[in-house]
Structures are given as C-alpha cells and as structure tokens.
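Have a look at coords12.cif below; it lists mmCIF, C-alpha atoms.
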data_data
loop_
_atom_site.group_PDB
_atom_site.id
_atom_site.type_symbol
_atom_site.label_atom_id
_atom_site.label_comp_id
_atom_site.auth_asym_id
_atom_site.auth_seq_id
_atom_site.Cartn_x
_atom_site.Cartn_y
_atom_site.Cartn_z
ATOM 1 C CA MET J 130 0.000 0.000 0.000
ATOM 2 C CA HIS J 131 1.324 3.445 -0.927
ATOM 3 C CA PHE J 132 0.478 6.120 1.651
ATOM 4 C CA ILE J 133 1.753 8.789 -0.723
ATOM 5 C CA SER J 134 1.915 8.556 -4.503
ATOM 6 C CA GLU J 135 4.681 6.492 -6.067
ATOM 7 C CA ALA J 136 5.841 9.636 -7.846
ATOM 8 C CA LEU J 137 6.334 11.433 -4.530
ATOM 9 C CA GLU J 138 8.044 8.381 -3.059
ATOM 10 C CA ASP J 139 10.433 8.355 -6.012
ATOM 11 C CA TYR J 140 11.036 12.089 -5.620
ATOM 12 C CA ALA J 141 11.886 11.619 -1.920
ATOM 13 C CA ALA J 142 14.282 8.781 -2.740
ATOM 14 C CA ASN J 143 15.904 10.708 -5.596
ATOM 15 C CA HIS J 144 16.566 13.656 -3.304
ATOM 16 C CA SER J 145 18.032 11.541 -0.519
ATOM 17 C CA GLU J 146 21.481 9.994 -0.309
ATOM 18 C CA ASN J 147 22.278 7.459 -3.012
ATOM 19 C CA GLU J 148 22.015 3.768 -2.245
ATOM 20 C CA PRO J 149 25.528 2.365 -1.618
ATOM 21 C CA ALA J 150 26.755 -0.042 -4.295
ATOM 22 C CA LEU J 151 26.814 -3.079 -1.978
ATOM 23 C CA LEU J 152 23.196 -2.470 -1.008
ATOM 24 C CA THR J 153 22.192 -2.020 -4.640
ATOM 25 C CA ALA J 154 23.677 -5.456 -5.347
ATOM 26 C CA LEU J 155 21.948 -6.953 -2.292
ATOM 27 C CA ASN J 156 18.648 -5.381 -3.338
ATOM 28 C CA LYS J 157 18.951 -6.778 -6.869
ATOM 29 C CA GLU J 158 19.912 -10.270 -5.750
ATOM 30 C CA THR J 159 17.114 -10.367 -3.167
ATOM 31 C CA HIS J 160 14.578 -9.628 -5.917
ATOM 32 C CA GLN J 161 16.133 -12.261 -8.166
ATOM 33 C CA LYS J 162 16.507 -15.123 -5.705
ATOM 34 C CA ILE J 163 14.472 -14.643 -2.521
ATOM 35 C CA LEU J 164 10.756 -14.991 -1.834
ATOM 36 C CA GLN J 165 8.793 -11.916 -0.715
ATOM 37 C CA PRO J 166 11.389 -9.299 -1.752
ATOM 38 C CA ARG J 167 9.001 -6.523 -0.675
ATOM 39 C CA MET J 168 10.144 -7.310 2.883
ATOM 40 C CA LEU J 169 13.430 -5.594 2.025
ATOM 41 C CA SER J 170 13.801 -2.124 3.557
ATOM 42 C CA GLY J 171 14.884 -0.649 0.224
ATOM 43 C CA HIS J 172 16.676 2.542 -0.771
ATOM 44 C CA PHE J 173 14.627 5.269 0.942
ATOM 45 C CA GLN J 174 13.859 3.513 4.223
ATOM 46 C CA GLY J 175 17.413 2.221 4.244
ATOM 47 C CA ARG J 176 18.756 5.786 4.108
ATOM 48 C CA VAL J 177 16.385 6.721 6.938
ATOM 49 C CA LEU J 178 17.733 3.844 9.055
ATOM 50 C CA SER J 179 21.286 4.847 8.198
ATOM 51 C CA MET J 180 20.676 8.478 9.172
ATOM 52 C CA ILE J 181 19.064 7.543 12.490
ATOM 53 C CA SER J 182 21.961 5.240 13.294
ATOM 54 C CA LYS J 183 24.507 7.929 12.440
ATOM 55 C CA LEU J 184 22.672 10.396 14.688
ATOM 56 C CA VAL J 185 22.610 7.900 17.565
ATOM 57 C CA ASN J 186 26.204 6.700 16.927
ATOM 58 C CA PRO J 187 25.480 3.457 18.810
ATOM 59 C CA LYS J 188 27.982 1.242 20.557
ATOM 60 C CA HIS J 189 25.643 -1.761 20.441
ATOM 61 C CA ILE J 190 22.805 -2.440 17.980
ATOM 62 C CA LEU J 191 20.232 -5.237 18.103
ATOM 63 C CA GLU J 192 18.175 -6.212 15.071
ATOM 64 C CA ILE J 193 15.269 -8.628 15.471
ATOM 65 C CA GLY J 194 14.520 -10.030 12.018
ATOM 66 C CA THR J 195 17.420 -10.070 9.552
ATOM 67 C CA TYR J 196 15.742 -11.175 6.293
ATOM 68 C CA THR J 197 18.537 -10.712 3.709
ATOM 69 C CA GLY J 198 20.586 -8.254 5.771
ATOM 70 C CA TYR J 199 19.794 -4.960 4.020
ATOM 71 C CA ALA J 200 18.607 -3.089 7.113
ATOM 72 C CA ALA J 201 21.463 -4.484 9.210
ATOM 73 C CA LEU J 202 23.999 -2.996 6.822
ATOM 74 C CA CYS J 203 22.181 0.346 6.857
ATOM 75 C CA LEU J 204 22.184 0.408 10.661
ATOM 76 C CA ALA J 205 25.844 -0.626 10.781
ATOM 77 C CA GLU J 206 26.795 2.607 9.011
ATOM 78 C CA GLY J 207 26.378 4.495 12.303
ATOM 79 C CA LEU J 208 28.280 2.061 14.533
ATOM 80 C CA GLN J 209 31.130 3.249 16.687
ATOM 81 C CA ALA J 210 34.537 1.893 15.613
ATOM 82 C CA ASP J 211 34.472 -0.704 18.394
ATOM 83 C CA GLY J 212 30.718 -1.237 18.253
ATOM 84 C CA THR J 213 28.710 -4.409 17.621
ATOM 85 C CA LEU J 214 25.553 -5.373 15.786
ATOM 86 C CA ASP J 215 23.677 -8.542 16.762
ATOM 87 C CA THR J 216 21.052 -9.636 14.260
ATOM 88 C CA ILE J 217 18.609 -12.488 14.838
ATOM 89 C CA ASP J 218 16.567 -14.533 12.379
ATOM 90 C CA ASN J 219 14.999 -18.006 12.458
ATOM 91 C CA ASN J 220 15.275 -18.734 8.724
ATOM 92 C CA GLU J 221 18.389 -20.846 8.256
ATOM 93 C CA GLU J 222 17.959 -20.801 4.474
ATOM 94 C CA LEU J 223 18.874 -17.099 4.442
ATOM 95 C CA TYR J 224 21.931 -17.373 6.710
ATOM 96 C CA ASP J 225 24.527 -17.849 3.963
ATOM 97 C CA PHE J 226 22.914 -15.145 1.806
ATOM 98 C CA GLN J 227 23.172 -12.665 4.675
ATOM 99 C CA LYS J 228 26.730 -13.688 5.494
ATOM 100 C CA LYS J 229 27.920 -13.211 1.918
ATOM 101 C CA PHE J 230 26.965 -9.553 1.983
ATOM 102 C CA PHE J 231 28.023 -8.977 5.588
ATOM 103 C CA ASP J 232 31.464 -10.351 4.721
ATOM 104 C CA LYS J 233 31.751 -7.907 1.804
ATOM 105 C CA SER J 234 30.951 -4.928 4.033
ATOM 106 C CA ASP J 235 33.157 -2.700 6.169
ATOM 107 C CA TRP J 236 31.468 -4.101 9.287
ATOM 108 C CA SER J 237 32.030 -7.819 8.755
ATOM 109 C CA ARG J 238 33.889 -8.189 12.067
ATOM 110 C CA GLN J 239 31.300 -6.207 13.989
ATOM 111 C CA ILE J 240 28.172 -8.065 12.834
ATOM 112 C CA THR J 241 27.141 -11.277 14.609
ATOM 113 C CA GLN J 242 24.408 -13.446 13.101
ATOM 114 C CA HIS J 243 22.168 -15.435 15.428
ATOM 115 C CA LEU J 244 19.918 -18.212 14.160
ATOM 116 C CA GLY J 245 16.912 -19.234 16.229
ATOM 117 C CA ASN J 246 14.177 -17.927 18.527
ATOM 118 C CA ALA J 247 14.775 -14.262 19.341
ATOM 119 C CA LEU J 248 12.965 -14.484 22.684
ATOM 120 C CA GLU J 249 15.460 -17.153 23.733
ATOM 121 C CA ILE J 250 18.541 -15.494 22.225
ATOM 122 C CA ILE J 251 18.080 -11.886 23.385
ATOM 123 C CA PRO J 252 18.512 -12.579 27.134
ATOM 124 C CA THR J 253 21.841 -14.307 26.429
ATOM 125 C CA LEU J 254 23.459 -11.327 24.687
ATOM 126 C CA GLY J 255 24.531 -9.578 27.870
ATOM 127 C CA LYS J 256 24.678 -6.046 26.408
ATOM 128 C CA LYS J 257 23.096 -2.645 26.918
ATOM 129 C CA PHE J 258 21.814 -1.437 23.562
ATOM 130 C CA ASP J 259 21.713 2.062 22.086
ATOM 131 C CA LEU J 260 19.660 1.128 19.019
ATOM 132 C CA VAL J 261 17.179 -1.702 18.424
ATOM 133 C CA PHE J 262 15.287 -2.484 15.215
ATOM 134 C CA ILE J 263 12.216 -4.710 15.574
ATOM 135 C CA ASP J 264 11.203 -6.187 12.217
ATOM 136 C CA ALA J 265 10.217 -9.810 12.802
ATOM 137 C CA ASP J 266 6.989 -11.727 13.487
ATOM 138 C CA LYS J 267 4.325 -9.200 14.401
ATOM 139 C CA GLU J 268 2.694 -11.507 16.940
ATOM 140 C CA ASN J 269 5.719 -11.074 19.217
ATOM 141 C CA TYR J 270 6.258 -7.305 18.878
ATOM 142 C CA ILE J 271 4.883 -6.666 22.376
ATOM 143 C CA ASN J 272 7.051 -9.443 23.830
ATOM 144 C CA TYR J 273 10.142 -8.112 22.066
ATOM 145 C CA PHE J 274 9.475 -4.590 23.292
ATOM 146 C CA HIS J 275 9.047 -5.559 26.933
ATOM 147 C CA MET J 276 12.182 -7.694 26.713
ATOM 148 C CA VAL J 277 14.465 -5.060 25.172
ATOM 149 C CA VAL J 278 13.391 -1.926 27.087
ATOM 150 C CA PRO J 279 15.285 -2.963 30.263
ATOM 151 C CA MET J 280 18.327 -3.729 28.075
ATOM 152 C CA MET J 281 18.448 -0.199 26.600
ATOM 153 C CA ASN J 282 20.716 2.645 27.621
ATOM 154 C CA LYS J 283 18.904 5.837 28.579
ATOM 155 C CA GLY J 284 18.234 7.824 25.422
ATOM 156 C CA GLY J 285 18.450 4.686 23.303
ATOM 157 C CA ILE J 286 16.220 4.307 20.263
ATOM 158 C CA ILE J 287 13.826 1.453 19.450
ATOM 159 C CA LEU J 288 12.690 1.335 15.813
ATOM 160 C CA SER J 289 9.630 -0.737 14.928
ATOM 161 C CA ASP J 290 8.790 -1.567 11.309
ATOM 162 C CA ASN J 291 5.480 -2.312 9.555
ATOM 163 C CA VAL J 292 3.382 -0.617 12.231
ATOM 164 C CA LEU J 293 0.795 0.595 9.691
ATOM 165 C CA TRP J 294 0.500 -2.914 8.233
ATOM 166 C CA SER J 295 -0.615 -1.908 4.734
ATOM 167 C CA GLY J 296 -3.290 0.340 6.229
ATOM 168 C CA LYS J 297 -5.014 -2.531 8.040
ATOM 169 C CA VAL J 298 -4.701 -0.618 11.313
ATOM 170 C CA LEU J 299 -7.523 1.638 10.018
ATOM 171 C CA GLU J 300 -9.814 -1.178 8.912
ATOM 172 C CA PRO J 301 -12.171 -3.468 10.842
ATOM 173 C CA VAL J 302 -10.072 -6.336 12.173
ATOM 174 C CA LYS J 303 -11.004 -9.762 10.864
ATOM 175 C CA ALA J 304 -11.506 -12.442 13.489
ATOM 176 C CA ASN J 305 -8.541 -14.515 12.278
ATOM 177 C CA ASP J 306 -6.167 -11.564 11.774
ATOM 178 C CA LYS J 307 -3.916 -11.852 14.807
ATOM 179 C CA SER J 308 -1.121 -9.708 13.372
ATOM 180 C CA THR J 309 -3.288 -6.613 12.937
ATOM 181 C CA LYS J 310 -4.797 -7.051 16.404
ATOM 182 C CA ILE J 311 -1.338 -7.251 17.967
ATOM 183 C CA LEU J 312 -0.051 -4.249 16.001
ATOM 184 C CA LEU J 313 -3.003 -2.149 17.163
ATOM 185 C CA GLU J 314 -2.173 -3.097 20.762
ATOM 186 C CA TYR J 315 1.509 -2.476 20.136
ATOM 187 C CA ASN J 316 0.990 0.996 18.681
ATOM 188 C CA GLN J 317 -1.159 1.917 21.687
ATOM 189 C CA LEU J 318 1.486 0.515 24.026
ATOM 190 C CA LEU J 319 4.187 2.704 22.475
ATOM 191 C CA LYS J 320 1.918 5.728 22.760
ATOM 192 C CA ASN J 321 1.154 5.164 26.446
ATOM 193 C CA ASP J 322 4.226 3.469 27.941
ATOM 194 C CA PRO J 323 5.967 6.018 30.203
ATOM 195 C CA ARG J 324 9.357 4.408 29.558
ATOM 196 C CA VAL J 325 9.480 5.752 25.987
ATOM 197 C CA GLU J 326 8.499 8.771 23.934
ATOM 198 C CA THR J 327 7.324 7.876 20.451
ATOM 199 C CA VAL J 328 6.692 9.254 17.002
ATOM 200 C CA LEU J 329 5.123 7.132 14.252
ATOM 201 C CA LEU J 330 6.417 7.971 10.789
ATOM 202 C CA PRO J 331 4.354 7.064 7.690
ATOM 203 C CA ILE J 332 7.469 5.808 5.890
ATOM 204 C CA ARG J 333 6.781 2.819 3.622
ATOM 205 C CA ASP J 334 4.682 0.512 5.833
ATOM 206 C CA GLY J 335 5.067 2.619 8.965
ATOM 207 C CA LEU J 336 8.179 3.124 11.107
ATOM 208 C CA THR J 337 7.956 3.997 14.791
ATOM 209 C CA VAL J 338 10.814 5.773 16.557
ATOM 210 C CA SER J 339 10.703 5.334 20.345
ATOM 211 C CA ARG J 340 13.256 6.990 22.637
ATOM 212 C CA VAL J 341 13.925 5.441 26.033
ATOM 213 C CA VAL J 342 13.561 8.150 28.696
#

Starting from the file, lay out its structure as structure tokens.
Amino acid sequence: MHFISEALEDYAANHSENEPALLTALNKETHQKILQPRMLSGHFQGRVLSMISKLVNPKHILEIGTYTGYAALCLAEGLQADGTLDTIDNNEELYDFQKKFFDKSDWSRQITQHLGNALEIIPTLGKKFDLVFIDADKENYINYFHMVVPMMNKGGIILSDNVLWSGKVLEPVKANDKSTKILLEYNQLLKNDPRVETVLLPIRDGLTVSRVV
C-alpha cells in the first residue's frame, strides 16, 4: 500500500542519499533469488535507518529479524569503531545469503548473526543497547518490546517496522487476523508506555521511533 503517490516516493528517494553499491547489489539479488522481496527495507527507508543510526552513533545495535541483511547494513553505518551489531533470524535458508553480503561490508567483524528464537537469544546477549530495530513476526512485537526496554541505555532508540501494516490498522479487524490485532495493541502501548516517547512515521509501511527516557 502506498500512503503517498509512487511519484512522490520516487522524488523523496531521488533527493536523498544514493544507495551504496553493496546495497544495490543486495537489493537486486534479493529480488532475483528470494521470496517476498518486498520485505526488504529498500533505498529510501534504508537511508532513513542509516541516518538515524549515524545520529545515535550506537555502541551496540540489536536487530530482530534479519531477512537478507539490508537493514542491518544500513544500521551498521552508524556504529562506533568498536561497536557491535547482533542480528537475529529463524530462517536458516537465508543465513549464507546474509553472510555473503556482511562479509563484503566494512562491518564484517562487527556483525554477529544469530539463528533461532529471538525471545530465547536476546537474554543471552549480555549487552546494553543504544539502538534496536524490531522487524520480525508481528505476533511477538509486544514481547520483544518488553524484553528489550530494560536492556536499553537511557536515550536509546527502538525502531519498529510495519506498524501501519498496509493500512489494516484503520480497517475493521477480521476475526482470524492476529497480526493486525497485535499491532493495534503495540501501537497503543508505544503511545502510552511512560518508559518511551514515540513518534510514528508514515514511511513505507510505517516506522515507529521510540526513545527510552
């Protein structure tokens, strides 16, 4: 669903920073070889993620939901020289695809891939995070949020993707649509939780920026 016209989206992208060559190659190969390529963050949202990360200048980043690694590489652009990025996904078929592009990047030694259940992996990481990107199964967004908030440094940023869910958040919720129901609860949680201050940006499928206070 396009919340603004495709022409305006293209204009915004064309007047933002160019997509780095490695990400252009990753984008192309994702569309050629991987199912559901629309899950990729893409040029414009990728530059937004990169800019936020550069503004935060995080020591430690956590990404929940790697897909093909595009967003991870965008977020890595803001890492401190001795910083780390932990990215978690449960799809083992994508592991080697991700690794190929991580290894080609400037942050290959700073990125750690984790394969498995994020709710089991996150408590084992033993870090305080400055930047977290939640972009995995929508049914667990609330669980992820409650788990990571105590692991954040004060002033840290939690980014949540797909929070407009193709506009379904404005439509009557179907009885079997658990994802939309959870996202509606999640968006209300971010609005009301006193531990964060939040702004919801209508970028692509909705991107929430929550600052830990």

>> Just want the 10 Å neighbourhood of Phe274 (chain J), counted on only C-alpha atoms, with same-chain residues fewer than 4 positions away dropped. Output as a list in words.
In response: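 Here the qualifying residues turn out to be Val261, Ile263, Asn269, Tyr270, Val278, Pro279, Ile287, Ser289, Tyr315, Leu318 and Leu319 of chain J.
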
Given the file above and the PyMOL selection byres ((chain J and resi 204-217) around 6), which residues are selected, and can you give them as a PDB file with C-alpha atoms, in the frame of the given file?
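What landed in result_21.pdb:
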ATOM      1  CA  LEU J 178      17.733   3.844   9.055  1.00  0.00           C
ATOM      2  CA  SER J 179      21.286   4.847   8.198  1.00  0.00           C
ATOM      3  CA  SER J 182      21.961   5.240  13.294  1.00  0.00           C
ATOM      4  CA  LYS J 183      24.507   7.929  12.440  1.00  0.00           C
ATOM      5  CA  ASN J 186      26.204   6.700  16.927  1.00  0.00           C
ATOM      6  CA  PRO J 187      25.480   3.457  18.810  1.00  0.00           C
ATOM      7  CA  LYS J 188      27.982   1.242  20.557  1.00  0.00           C
ATOM      8  CA  HIS J 189      25.643  -1.761  20.441  1.00  0.00           C
ATOM      9  CA  ILE J 190      22.805  -2.440  17.980  1.00  0.00           C
ATOM     10  CA  LEU J 191      20.232  -5.237  18.103  1.00  0.00           C
ATOM     11  CA  GLU J 192      18.175  -6.212  15.071  1.00  0.00           C
ATOM     12  CA  ILE J 193      15.269  -8.628  15.471  1.00  0.00           C
ATOM     13  CA  GLY J 194      14.520 -10.030  12.018  1.00  0.00           C
ATOM     14  CA  THR J 195      17.420 -10.070   9.552  1.00  0.00           C
ATOM     15  CA  ALA J 201      21.463  -4.484   9.210  1.00  0.00           C
ATOM     16  CA  LEU J 202      23.999  -2.996   6.822  1.00  0.00           C
ATOM     17  CA  CYS J 203      22.181   0.346   6.857  1.00  0.00           C
ATOM     18  CA  ASP J 218      16.567 -14.533  12.379  1.00  0.00           C
ATOM     19  CA  GLN J 239      31.300  -6.207  13.989  1.00  0.00           C
ATOM     20  CA  ILE J 240      28.172  -8.065  12.834  1.00  0.00           C
ATOM     21  CA  THR J 241      27.141 -11.277  14.609  1.00  0.00           C
ATOM     22  CA  GLN J 242      24.408 -13.446  13.101  1.00  0.00           C
ATOM     23  CA  HIS J 243      22.168 -15.435  15.428  1.00  0.00           C
ATOM     24  CA  LEU J 244      19.918 -18.212  14.160  1.00  0.00           C
TER      25      LEU J 244
END

Can you tell me, as an mmCIF file with C-alpha atoms, keeping the file's coordinate frame, what residues are no more than 10 Å from Leu254 (chain J) when counting all atoms listed in the file, ignoring any on the same chain fewer than 3 positions away?
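Output saved as result.cif:
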data_model
loop_
_atom_site.group_PDB
_atom_site.id
_atom_site.type_symbol
_atom_site.label_atom_id
_atom_site.label_comp_id
_atom_site.auth_asym_id
_atom_site.auth_seq_id
_atom_site.Cartn_x
_atom_site.Cartn_y
_atom_site.Cartn_z
ATOM 1 C CA LEU J 191 20.232 -5.237 18.103
ATOM 2 C CA ASP J 215 23.677 -8.542 16.762
ATOM 3 C CA GLU J 249 15.460 -17.153 23.733
ATOM 4 C CA ILE J 250 18.541 -15.494 22.225
ATOM 5 C CA ILE J 251 18.080 -11.886 23.385
ATOM 6 C CA LYS J 257 23.096 -2.645 26.918
ATOM 7 C CA MET J 280 18.327 -3.729 28.075
#

With 8 Å as the threshold, what does the neighbourhood of (13.6, -6.4, 3.7) contain in terms of residues, counting only C-alpha atoms? Coordinates are those of the file; answer as an mmCIF file with C-alpha atoms, in the frame of the given file.
data_model
loop_
_atom_site.group_PDB
_atom_site.id
_atom_site.type_symbol
_atom_site.label_atom_id
_atom_site.label_comp_id
_atom_site.auth_asym_id
_atom_site.auth_seq_id
_atom_site.Cartn_x
_atom_site.Cartn_y
_atom_site.Cartn_z
ATOM 1 C CA PRO J 166 11.389 -9.299 -1.752
ATOM 2 C CA ARG J 167 9.001 -6.523 -0.675
ATOM 3 C CA MET J 168 10.144 -7.310 2.883
ATOM 4 C CA LEU J 169 13.430 -5.594 2.025
ATOM 5 C CA SER J 170 13.801 -2.124 3.557
ATOM 6 C CA GLY J 171 14.884 -0.649 0.224
ATOM 7 C CA THR J 195 17.420 -10.070 9.552
ATOM 8 C CA TYR J 196 15.742 -11.175 6.293
ATOM 9 C CA THR J 197 18.537 -10.712 3.709
ATOM 10 C CA GLY J 198 20.586 -8.254 5.771
ATOM 11 C CA TYR J 199 19.794 -4.960 4.020
ATOM 12 C CA ALA J 200 18.607 -3.089 7.113
#

Please provide as an mmCIF file with C-alpha atoms, in the coordinates of the input all residues within 10 Å of region 310-314 of chain J, with the sequence filter that same-chain residues fewer than 5 positions apart are discarded (counting all atoms listed in the file).
data_model
loop_
_atom_site.group_PDB
_atom_site.id
_atom_site.type_symbol
_atom_site.label_atom_id
_atom_site.label_comp_id
_atom_site.auth_asym_id
_atom_site.auth_seq_id
_atom_site.Cartn_x
_atom_site.Cartn_y
_atom_site.Cartn_z
ATOM 1 C CA LYS J 267 4.325 -9.200 14.401
ATOM 2 C CA GLU J 268 2.694 -11.507 16.940
ATOM 3 C CA ASN J 269 5.719 -11.074 19.217
ATOM 4 C CA TYR J 270 6.258 -7.305 18.878
ATOM 5 C CA ILE J 271 4.883 -6.666 22.376
ATOM 6 C CA ASN J 291 5.480 -2.312 9.555
ATOM 7 C CA VAL J 292 3.382 -0.617 12.231
ATOM 8 C CA LEU J 293 0.795 0.595 9.691
ATOM 9 C CA TRP J 294 0.500 -2.914 8.233
ATOM 10 C CA LYS J 297 -5.014 -2.531 8.040
ATOM 11 C CA VAL J 298 -4.701 -0.618 11.313
ATOM 12 C CA LEU J 299 -7.523 1.638 10.018
ATOM 13 C CA PRO J 301 -12.171 -3.468 10.842
ATOM 14 C CA VAL J 302 -10.072 -6.336 12.173
ATOM 15 C CA LYS J 303 -11.004 -9.762 10.864
ATOM 16 C CA ALA J 304 -11.506 -12.442 13.489
ATOM 17 C CA ASN J 305 -8.541 -14.515 12.278
ATOM 18 C CA LEU J 319 4.187 2.704 22.475
ATOM 19 C CA LYS J 320 1.918 5.728 22.760
#

>> I need the output of the PyMOL selection byres ((chain J and resi 133-143) around 7) for this file as a list in words; which residues are they?
In response: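 Applying the expression gives His131, Phe132, His144, Ser145, His172 and Phe173 of chain J.
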
Expected file contents, prior selection, C-alpha atoms, as a JSON list (two decimals), in the coordinates of the input:
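Writing the result to part-v7.json gives the following:
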[["chain", "number", "residue", "atom", "x", "y", "z"],
["J", 131, "HIS", "CA", 1.32, 3.44, -0.93],
["J", 132, "PHE", "CA", 0.48, 6.12, 1.65],
["J", 144, "HIS", "CA", 16.57, 13.66, -3.30],
["J", 145, "SER", "CA", 18.03, 11.54, -0.52],
["J", 172, "HIS", "CA", 16.68, 2.54, -0.77],
["J", 173, "PHE", "CA", 14.63, 5.27, 0.94]]

Can you tell me, as lines of an AutoDock Vina configuration file, the centre and edge lengths (Å, one decimal) of the axis-aligned box enclosing all of region 329-336 of chain J's listed atoms after padding each side by 6 Å?
center_x = 6.3
center_y = 4.2
center_z = 8.9
size_x = 15.8
size_y = 19.5
size_z = 22.6

> With all atoms listed in the file as the atoms that count, which of J:Thr153, J:Asn282, J:His160, J:Gln174 lies nearest to Pro331 (chain J)?
Replying inline: J:Gln174
